[in-house]
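*Asks:* Sending over a structure as structure tokens; questions will come in a sec.
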Amino acid sequence: MINSEQVPRSTVPFGPQHPVLPEPIHIKLILEDEKIVEAIPAIGYVHRGLEKLTEKKDMYKSIFILERICGICSFMHALCYCQGLENLMEIDVPERAKYLRVIWGELHRTHSHLLWLGLFADAFGFESLFYECWKIREKILDIMEATSGARVIISTNTIGGTRRDINSDMLEHIKKTTYEIEEALAYIDKVFFDDNTVLVRTKGVGVLSKKDAYLLGAVGPTGRGSGLPQDLRTTNYAAYGDLDFEPIYETDGDCYARCKVRIRELYQSQKLLRQAIDQMPEGEYAVKVTQKPEGEVVSRVEQPRGECMYYIRGNGTDILERVRVRTPTFANIPALVHMLPGHQLCDLPVLVLSIDPCISCTER
Amino acid sequence: MGLFDKAAQKSPWIIHFDCNSCNGCDIEILACLTPLYDVERFGVINVGNPKHADILIVSGAVNQKNQRVLKNIYNEIPEPKAVIAIGACGCTGGIFRECYNVMGGIDTVIPVDVYVPGCSPKPEAIIDGVVKALGKLEEKRKKMKEKGEENPFLPEEFTSELVEIPSLTSETKEPVSVSHNPEEPK
Ligand code: SF4
């Protein structure tokens, strides 16, 4: 019998260019045979220095810069920044703008979760499922294009409201689409929940206990999959206070649970969209801003990947002194590194994707 | 086009590298592969290995750390190859141009054949870019043929270093037997 010290260790580099992850991250894997014993992440391939750039531009131009921290949840980044400045300058945002923010926000969550489901299916080699998920996602992108003119980076947020309105015909269309999406989801969620080939790859893989999740500071679906019922939407920013919903969580803490949380959130988003459309008041959607930011503020929103935090400090001029961004993936990387050891090399893509990593968010 | 040329044509295989982008361009590139746009029906396949690829699609600007990776990937792709820069970032540095860690567009590091502007460009524009790159590939292949490089699929460095096979008639007094029949007299 070979004792474990005799098994030779080998080092396998994963990334920066790797077919599974579209984004460049380098993970140095120390293997014992096929088993991962250590994982050392190295980042820096997408670092641009956007926080520094905001110190050169005025606060309105910074919206467009901060939106480009991440193309997938760009709306949420702008939302977090604008809400922070609005709190700082004590601006009363019109009710309609708050509802518009909920609508675009939930559309973004839907498209992000569908994108993730597709990539997750691709990670365990289920290519046709990947296509199915992305097919549904195109419906959302069509709405985004119709309401804002762009498919991905929609730039509709501004300080004091939104830059565009959505008319009633479009709202009807969105409502109709939510039903279509639910129908299409019911068709694919069976595969994620019950299909044997999927279960073999996800059930019991990468278990993160509730205590570990809490101690490592896991946020978003990663934390909720381990039984931490924390959802920042319950802090009632934008119009979420008027809407009826409960944070979704599962208790198993494995890849399957994290996947289940996201699928259930997709259904929840559709319900929220319909509620928001039904309750939306008429009126203005932006107010003129005359104040200048002075002092400091912390602003938080729930992004598709978890909690995003902005710290903003102004000095009474148009140009902000400091903007600090802490993104959900940054909070989830310790949990990932904790999960990896002890798994087979072939489980790595599934594990890495199960936290829904967004490297360009993390590095800014 | 002769019969051989027709037979030697192949579908463009693509490798995608995310250089410094915000993901906006990457998801649009991936969207090209999904059922709505479905470039696979034209034979365009996204591969993970640079040695299989013809076209390199790069999104985002170049920074100090990833320029080495980008150069490596570019050098590993066999000739003839084409490079497409996607998005405002890929073309010039775009919105990130003034960042301290950004060196500029893709063309500061490797030669670019096709530029696809937009932030982010729509999948239609990306497909159009790939079609343009196909034209460039064809031109490059023709040029390589004119230069007398027999096999257009071999990279330049290799063809120039090909060892000349000594002819059997000159100098060698006793030519090595090349016959397959051992009983044949020498
Ligand atoms: S061009 Fe725009 S969408 Fe594309 S990577 Fe750059 S900022 Fe993102």
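Identifiers for the structure tokens are assigned positionally: chains receive A, B, ... in sequence, residues are indexed from 1 per chain, and ligands are indexed from 1 in the order shown.
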Using only C-alpha atoms, which residues sit within 9 Å of segment 39-56 of chain B once same-chain residues fewer than 5 positions away are excluded, as a PDB file with N, CA, C and O atoms, in the first residue's frame?

*Replies:*
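Output below, filename out-v3.pdb:
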ATOM      1  N   GLN A  17      -5.784  31.469 -19.987  1.00  0.00           N
ATOM      2  CA  GLN A  17      -6.689  31.271 -21.120  1.00  0.00           C
ATOM      3  C   GLN A  17      -7.176  29.847 -21.034  1.00  0.00           C
ATOM      4  O   GLN A  17      -6.392  28.910 -21.157  1.00  0.00           O
ATOM      5  N   HIS A  18      -8.463  29.676 -20.781  1.00  0.00           N
ATOM      6  CA  HIS A  18      -8.998  28.334 -20.582  1.00  0.00           C
ATOM      7  C   HIS A  18     -10.399  28.274 -21.181  1.00  0.00           C
ATOM      8  O   HIS A  18     -11.176  29.188 -21.020  1.00  0.00           O
ATOM      9  N   PRO A  19     -10.696  27.196 -21.894  1.00  0.00           N
ATOM     10  CA  PRO A  19     -11.997  27.160 -22.565  1.00  0.00           C
ATOM     11  C   PRO A  19     -13.198  27.203 -21.625  1.00  0.00           C
ATOM     12  O   PRO A  19     -14.257  27.671 -22.016  1.00  0.00           O
ATOM     13  N   VAL A  20     -13.045  26.730 -20.392  1.00  0.00           N
ATOM     14  CA  VAL A  20     -14.211  26.708 -19.508  1.00  0.00           C
ATOM     15  C   VAL A  20     -14.608  28.102 -19.048  1.00  0.00           C
ATOM     16  O   VAL A  20     -15.764  28.473 -19.049  1.00  0.00           O
TER      17      VAL A  20
ATOM     18  N   LYS B  10     -10.837  25.575 -45.481  1.00  0.00           N
ATOM     19  CA  LYS B  10     -11.396  25.013 -44.258  1.00  0.00           C
ATOM     20  C   LYS B  10     -12.258  26.035 -43.537  1.00  0.00           C
ATOM     21  O   LYS B  10     -12.154  27.237 -43.795  1.00  0.00           O
ATOM     22  N   SER B  11     -13.088  25.525 -42.630  1.00  0.00           N
ATOM     23  CA  SER B  11     -13.927  26.425 -41.848  1.00  0.00           C
ATOM     24  C   SER B  11     -13.054  27.189 -40.872  1.00  0.00           C
ATOM     25  O   SER B  11     -12.084  26.645 -40.357  1.00  0.00           O
ATOM     26  N   PRO B  12     -13.392  28.447 -40.612  1.00  0.00           N
ATOM     27  CA  PRO B  12     -12.573  29.217 -39.681  1.00  0.00           C
ATOM     28  C   PRO B  12     -12.824  28.769 -38.249  1.00  0.00           C
ATOM     29  O   PRO B  12     -13.963  28.765 -37.784  1.00  0.00           O
ATOM     30  N   TRP B  13     -11.783  28.389 -37.568  1.00  0.00           N
ATOM     31  CA  TRP B  13     -11.901  28.058 -36.154  1.00  0.00           C
ATOM     32  C   TRP B  13     -11.375  29.230 -35.357  1.00  0.00           C
ATOM     33  O   TRP B  13     -10.374  29.847 -35.709  1.00  0.00           O
ATOM     34  N   ILE B  14     -12.072  29.480 -34.260  1.00  0.00           N
ATOM     35  CA  ILE B  14     -11.843  30.727 -33.542  1.00  0.00           C
ATOM     36  C   ILE B  14     -11.328  30.452 -32.149  1.00  0.00           C
ATOM     37  O   ILE B  14     -11.764  29.506 -31.497  1.00  0.00           O
ATOM     38  N   ILE B  15     -10.387  31.267 -31.710  1.00  0.00           N
ATOM     39  CA  ILE B  15     -10.026  31.216 -30.297  1.00  0.00           C
ATOM     40  C   ILE B  15     -10.290  32.598 -29.724  1.00  0.00           C
ATOM     41  O   ILE B  15     -10.034  33.612 -30.362  1.00  0.00           O
ATOM     42  N   HIS B  16     -10.852  32.587 -28.522  1.00  0.00           N
ATOM     43  CA  HIS B  16     -11.235  33.856 -27.916  1.00  0.00           C
ATOM     44  C   HIS B  16     -10.373  34.095 -26.690  1.00  0.00           C
ATOM     45  O   HIS B  16     -10.208  33.215 -25.859  1.00  0.00           O
ATOM     46  N   PHE B  17      -9.794  35.267 -26.612  1.00  0.00           N
ATOM     47  CA  PHE B  17      -9.061  35.627 -25.392  1.00  0.00           C
ATOM     48  C   PHE B  17      -9.594  36.939 -24.846  1.00  0.00           C
ATOM     49  O   PHE B  17      -9.717  37.915 -25.571  1.00  0.00           O
ATOM     50  N   LEU B  30     -19.889  35.103 -27.041  1.00  0.00           N
ATOM     51  CA  LEU B  30     -20.515  33.817 -26.751  1.00  0.00           C
ATOM     52  C   LEU B  30     -21.933  33.770 -27.310  1.00  0.00           C
ATOM     53  O   LEU B  30     -22.392  32.722 -27.746  1.00  0.00           O
ATOM     54  N   CYS B  32     -22.906  34.862 -29.993  1.00  0.00           N
ATOM     55  CA  CYS B  32     -22.837  34.481 -31.420  1.00  0.00           C
ATOM     56  C   CYS B  32     -22.978  32.976 -31.596  1.00  0.00           C
ATOM     57  O   CYS B  32     -23.386  32.511 -32.648  1.00  0.00           O
ATOM     58  N   LEU B  33     -22.569  32.216 -30.568  1.00  0.00           N
ATOM     59  CA  LEU B  33     -22.572  30.757 -30.705  1.00  0.00           C
ATOM     60  C   LEU B  33     -23.913  30.154 -30.334  1.00  0.00           C
ATOM     61  O   LEU B  33     -24.132  28.973 -30.519  1.00  0.00           O
ATOM     62  N   THR B  34     -24.796  30.963 -29.772  1.00  0.00           N
ATOM     63  CA  THR B  34     -26.043  30.420 -29.234  1.00  0.00           C
ATOM     64  C   THR B  34     -27.143  30.439 -30.294  1.00  0.00           C
ATOM     65  O   THR B  34     -26.987  31.077 -31.329  1.00  0.00           O
ATOM     66  N   ILE B  73      -0.184  33.465 -27.072  1.00  0.00           N
ATOM     67  CA  ILE B  73      -1.289  32.839 -27.804  1.00  0.00           C
ATOM     68  C   ILE B  73      -1.158  33.161 -29.296  1.00  0.00           C
ATOM     69  O   ILE B  73      -1.314  32.299 -30.152  1.00  0.00           O
ATOM     70  N   TYR B  74      -0.810  34.417 -29.583  1.00  0.00           N
ATOM     71  CA  TYR B  74      -0.673  34.818 -30.990  1.00  0.00           C
ATOM     72  C   TYR B  74       0.414  33.995 -31.675  1.00  0.00           C
ATOM     73  O   TYR B  74       0.227  33.514 -32.792  1.00  0.00           O
ATOM     74  N   ASN B  75       1.545  33.805 -30.991  1.00  0.00           N
ATOM     75  CA  ASN B  75       2.636  33.063 -31.612  1.00  0.00           C
ATOM     76  C   ASN B  75       2.322  31.591 -31.801  1.00  0.00           C
ATOM     77  O   ASN B  75       2.895  30.945 -32.668  1.00  0.00           O
ATOM     78  N   GLU B  76       1.428  31.066 -30.977  1.00  0.00           N
ATOM     79  CA  GLU B  76       1.122  29.645 -31.081  1.00  0.00           C
ATOM     80  C   GLU B  76       0.165  29.326 -32.209  1.00  0.00           C
ATOM     81  O   GLU B  76       0.057  28.174 -32.625  1.00  0.00           O
ATOM     82  N   ILE B  77      -0.546  30.326 -32.714  1.00  0.00           N
ATOM     83  CA  ILE B  77      -1.490  30.059 -33.793  1.00  0.00           C
ATOM     84  C   ILE B  77      -0.711  29.879 -35.093  1.00  0.00           C
ATOM     85  O   ILE B  77       0.140  30.702 -35.420  1.00  0.00           O
ATOM     86  N   PRO B  78      -0.964  28.801 -35.825  1.00  0.00           N
ATOM     87  CA  PRO B  78      -0.216  28.593 -37.067  1.00  0.00           C
ATOM     88  C   PRO B  78      -0.597  29.599 -38.156  1.00  0.00           C
ATOM     89  O   PRO B  78      -1.719  30.095 -38.182  1.00  0.00           O
ATOM     90  N   GLU B  79       0.350  29.882 -39.037  1.00  0.00           N
ATOM     91  CA  GLU B  79       0.103  30.773 -40.176  1.00  0.00           C
ATOM     92  C   GLU B  79      -0.765  30.063 -41.201  1.00  0.00           C
ATOM     93  O   GLU B  79      -0.660  28.848 -41.322  1.00  0.00           O
ATOM     94  N   PRO B  80      -1.559  30.724 -41.991  1.00  0.00           N
ATOM     95  CA  PRO B  80      -1.924  32.128 -41.880  1.00  0.00           C
ATOM     96  C   PRO B  80      -2.954  32.335 -40.789  1.00  0.00           C
ATOM     97  O   PRO B  80      -3.768  31.480 -40.559  1.00  0.00           O
ATOM     98  N   LYS B  81      -2.870  33.488 -40.154  1.00  0.00           N
ATOM     99  CA  LYS B  81      -3.811  33.768 -39.062  1.00  0.00           C
ATOM    100  C   LYS B  81      -4.311  35.200 -39.164  1.00  0.00           C
ATOM    101  O   LYS B  81      -3.672  36.044 -39.795  1.00  0.00           O
ATOM    102  N   ALA B  82      -5.469  35.428 -38.558  1.00  0.00           N
ATOM    103  CA  ALA B  82      -6.019  36.775 -38.546  1.00  0.00           C
ATOM    104  C   ALA B  82      -6.403  37.126 -37.120  1.00  0.00           C
ATOM    105  O   ALA B  82      -6.735  36.253 -36.330  1.00  0.00           O
ATOM    106  N   VAL B  83      -6.335  38.420 -36.817  1.00  0.00           N
ATOM    107  CA  VAL B  83      -6.679  38.873 -35.468  1.00  0.00           C
ATOM    108  C   VAL B  83      -7.825  39.872 -35.560  1.00  0.00           C
ATOM    109  O   VAL B  83      -7.804  40.769 -36.406  1.00  0.00           O
ATOM    110  N   ILE B  84      -8.844  39.676 -34.732  1.00  0.00           N
ATOM    111  CA  ILE B  84      -9.958  40.619 -34.693  1.00  0.00           C
ATOM    112  C   ILE B  84      -9.982  41.281 -33.325  1.00  0.00           C
ATOM    113  O   ILE B  84      -9.967  40.604 -32.309  1.00  0.00           O
ATOM    114  N   ALA B  85      -9.999  42.606 -33.313  1.00  0.00           N
ATOM    115  CA  ALA B  85     -10.118  43.347 -32.059  1.00  0.00           C
ATOM    116  C   ALA B  85     -11.576  43.729 -31.877  1.00  0.00           C
ATOM    117  O   ALA B  85     -12.172  44.357 -32.747  1.00  0.00           O
ATOM    118  N   ILE B 127     -20.062  38.962 -36.166  1.00  0.00           N
ATOM    119  CA  ILE B 127     -20.087  37.990 -37.268  1.00  0.00           C
ATOM    120  C   ILE B 127     -19.559  38.643 -38.533  1.00  0.00           C
ATOM    121  O   ILE B 127     -18.790  38.042 -39.292  1.00  0.00           O
ATOM    122  N   VAL B 130     -15.900  38.637 -38.454  1.00  0.00           N
ATOM    123  CA  VAL B 130     -15.312  37.332 -38.771  1.00  0.00           C
ATOM    124  C   VAL B 130     -15.302  37.119 -40.285  1.00  0.00           C
ATOM    125  O   VAL B 130     -14.321  36.620 -40.849  1.00  0.00           O
ATOM    126  N   ALA B 133     -12.523  38.989 -41.706  1.00  0.00           N
ATOM    127  CA  ALA B 133     -11.252  38.327 -41.397  1.00  0.00           C
ATOM    128  C   ALA B 133     -11.007  37.159 -42.342  1.00  0.00           C
ATOM    129  O   ALA B 133      -9.862  36.869 -42.684  1.00  0.00           O
ATOM    130  N   LEU B 134     -12.085  36.518 -42.778  1.00  0.00           N
ATOM    131  CA  LEU B 134     -11.928  35.402 -43.720  1.00  0.00           C
ATOM    132  C   LEU B 134     -11.269  35.869 -45.011  1.00  0.00           C
ATOM    133  O   LEU B 134     -10.400  35.199 -45.564  1.00  0.00           O
ATOM    134  N   LEU B 137      -7.663  36.314 -44.377  1.00  0.00           N
ATOM    135  CA  LEU B 137      -6.983  35.018 -44.307  1.00  0.00           C
ATOM    136  C   LEU B 137      -6.657  34.519 -45.702  1.00  0.00           C
ATOM    137  O   LEU B 137      -5.565  34.017 -45.975  1.00  0.00           O
TER     138      LEU B 137
END

*Asks:* Name the residues, by chain letter and number, that sit within 7 Å of ligand 1 using only C-alpha atoms and all ligand atoms, and give them as an MDAnalysis selection string.

*Replies:* (chainID A and resid 68 71 153) or (chainID B and resid 21:25 59:60 86:90 94:95 118:120)

*Asks:* Write out as a ChimeraX atom specification each polymer residue whose atoms come within 7 Å of segment 103-110 of chain B, counting only C-alpha atoms; drop sequence neighbours fewer than 4 positions from it.

*Replies:* /B:61-63,67,71,85,89-93,97

*Asks:* Between B:Ala31, B:Val112, B:Val58, B:Ala125, which has the minimum distance to chain A (counting only C-alpha atoms)?

*Replies:*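 Once distances to chain A are computed over only C-alpha atoms, the minimum belongs to B:Ala31.
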
*Asks:* Leaving out Cys308 of chain A and any residue of its chain fewer than 4 positions from it, which residues lie within 6 Å of it when counting only C-alpha atoms, given as a ChimeraX atom specification?

*Replies:* /A:300-301,326-328

*Asks:* Go ahead and dump the residues you just picked, N, CA and C atoms, as an mmCIF file, in the first residue's frame.

*Replies:*
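Output file part_35.cif follows:
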data_model
loop_
_atom_site.group_PDB
_atom_site.id
_atom_site.type_symbol
_atom_site.label_atom_id
_atom_site.label_comp_id
_atom_site.auth_asym_id
_atom_site.auth_seq_id
_atom_site.Cartn_x
_atom_site.Cartn_y
_atom_site.Cartn_z
ATOM 1 N N ARG A 300 -25.112 49.814 -0.531
ATOM 2 C CA ARG A 300 -25.058 48.380 -0.824
ATOM 3 C C ARG A 300 -26.271 47.970 -1.635
ATOM 4 N N VAL A 301 -26.067 47.113 -2.606
ATOM 5 C CA VAL A 301 -27.200 46.515 -3.330
ATOM 6 C C VAL A 301 -26.940 45.016 -3.490
ATOM 7 N N ARG A 326 -16.398 47.042 -3.478
ATOM 8 C CA ARG A 326 -16.140 45.683 -3.023
ATOM 9 C C ARG A 326 -17.209 44.810 -3.662
ATOM 10 N N THR A 327 -16.737 43.898 -4.500
ATOM 11 C CA THR A 327 -17.694 43.154 -5.319
ATOM 12 C C THR A 327 -17.941 41.770 -4.728
ATOM 13 N N PRO A 328 -19.067 41.151 -5.095
ATOM 14 C CA PRO A 328 -19.433 39.863 -4.503
ATOM 15 C C PRO A 328 -18.418 38.752 -4.762
#

*Asks:* Could you tell me, as an MDAnalysis selection string, which residues of segment 12-248 of chain A DSSP assigns to strand (DSSP E or B) when given the backbone?

*Replies:* chainID A and resid 12:14 26:32 35:42 157:158 161:162

*Asks:* Of the candidates B:Glu146, B:Asp113, B:Glu28, B:Glu139, which one gets nearest to Ile126 of chain B if we count only C-alpha atoms?

*Replies:*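 Distance minimum relative to Ile126 of chain B lands on B:Glu28.
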
*Asks:* Any chance you could list, as a PyMOL selection string, the residues in segment 29-172 of chain B that come up helix (DSSP H, G or I) when DSSP is run on the backbone?

*Replies:* chain B and resi 29-31+39-42+50-52+66-76+87-92+94-96+106-108+123-146+156-160

*Asks:* With 10 Å as the limit and counting only C-alpha atoms, what residues in chain A lie close to chain B? Please list them as a ChimeraX atom specification.

*Replies:* /A:16-24,43-54,56,64-65,67-74,115,128,130-138,150-154,358-361,363-364

*Asks:* Atom CA of Val200 of chain A to atom CA of Asp347 of chain A: how many Å, to one decimal?

*Replies:*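 Atom-to-atom, atom CA of Val200 of chain A and atom CA of Asp347 of chain A are spaced 10.8 Å apart.
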
*Asks:* Need the shell around Gly220 of chain A: protein/DNA/RNA residues with any atom at most 6 Å away, counting only C-alpha atoms. Skip same-chain ones fewer than 2 positions apart. Format as a ChimeraX atom specification?

*Replies:* /A:222-223,305-306

*Asks:* Write out as a ChimeraX atom specification each polymer residue whose atoms come within 12 Å of Tyr60 of chain A, counting only C-alpha atoms; drop sequence neighbours fewer than 5 positions from it.

*Replies:* /A:54-55,65-67,78,81-82,85,155,157-160,163,289,292-293,318-320

*Asks:* Tell me which of A:Pro94, A:Gly316, A:Pro334, A:Pro247 sits closest to Ala213 of chain A, counting only C-alpha atoms.

*Replies:*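 Residue with the minimum atom-to-atom distance to Ala213 of chain A: A:Pro334.
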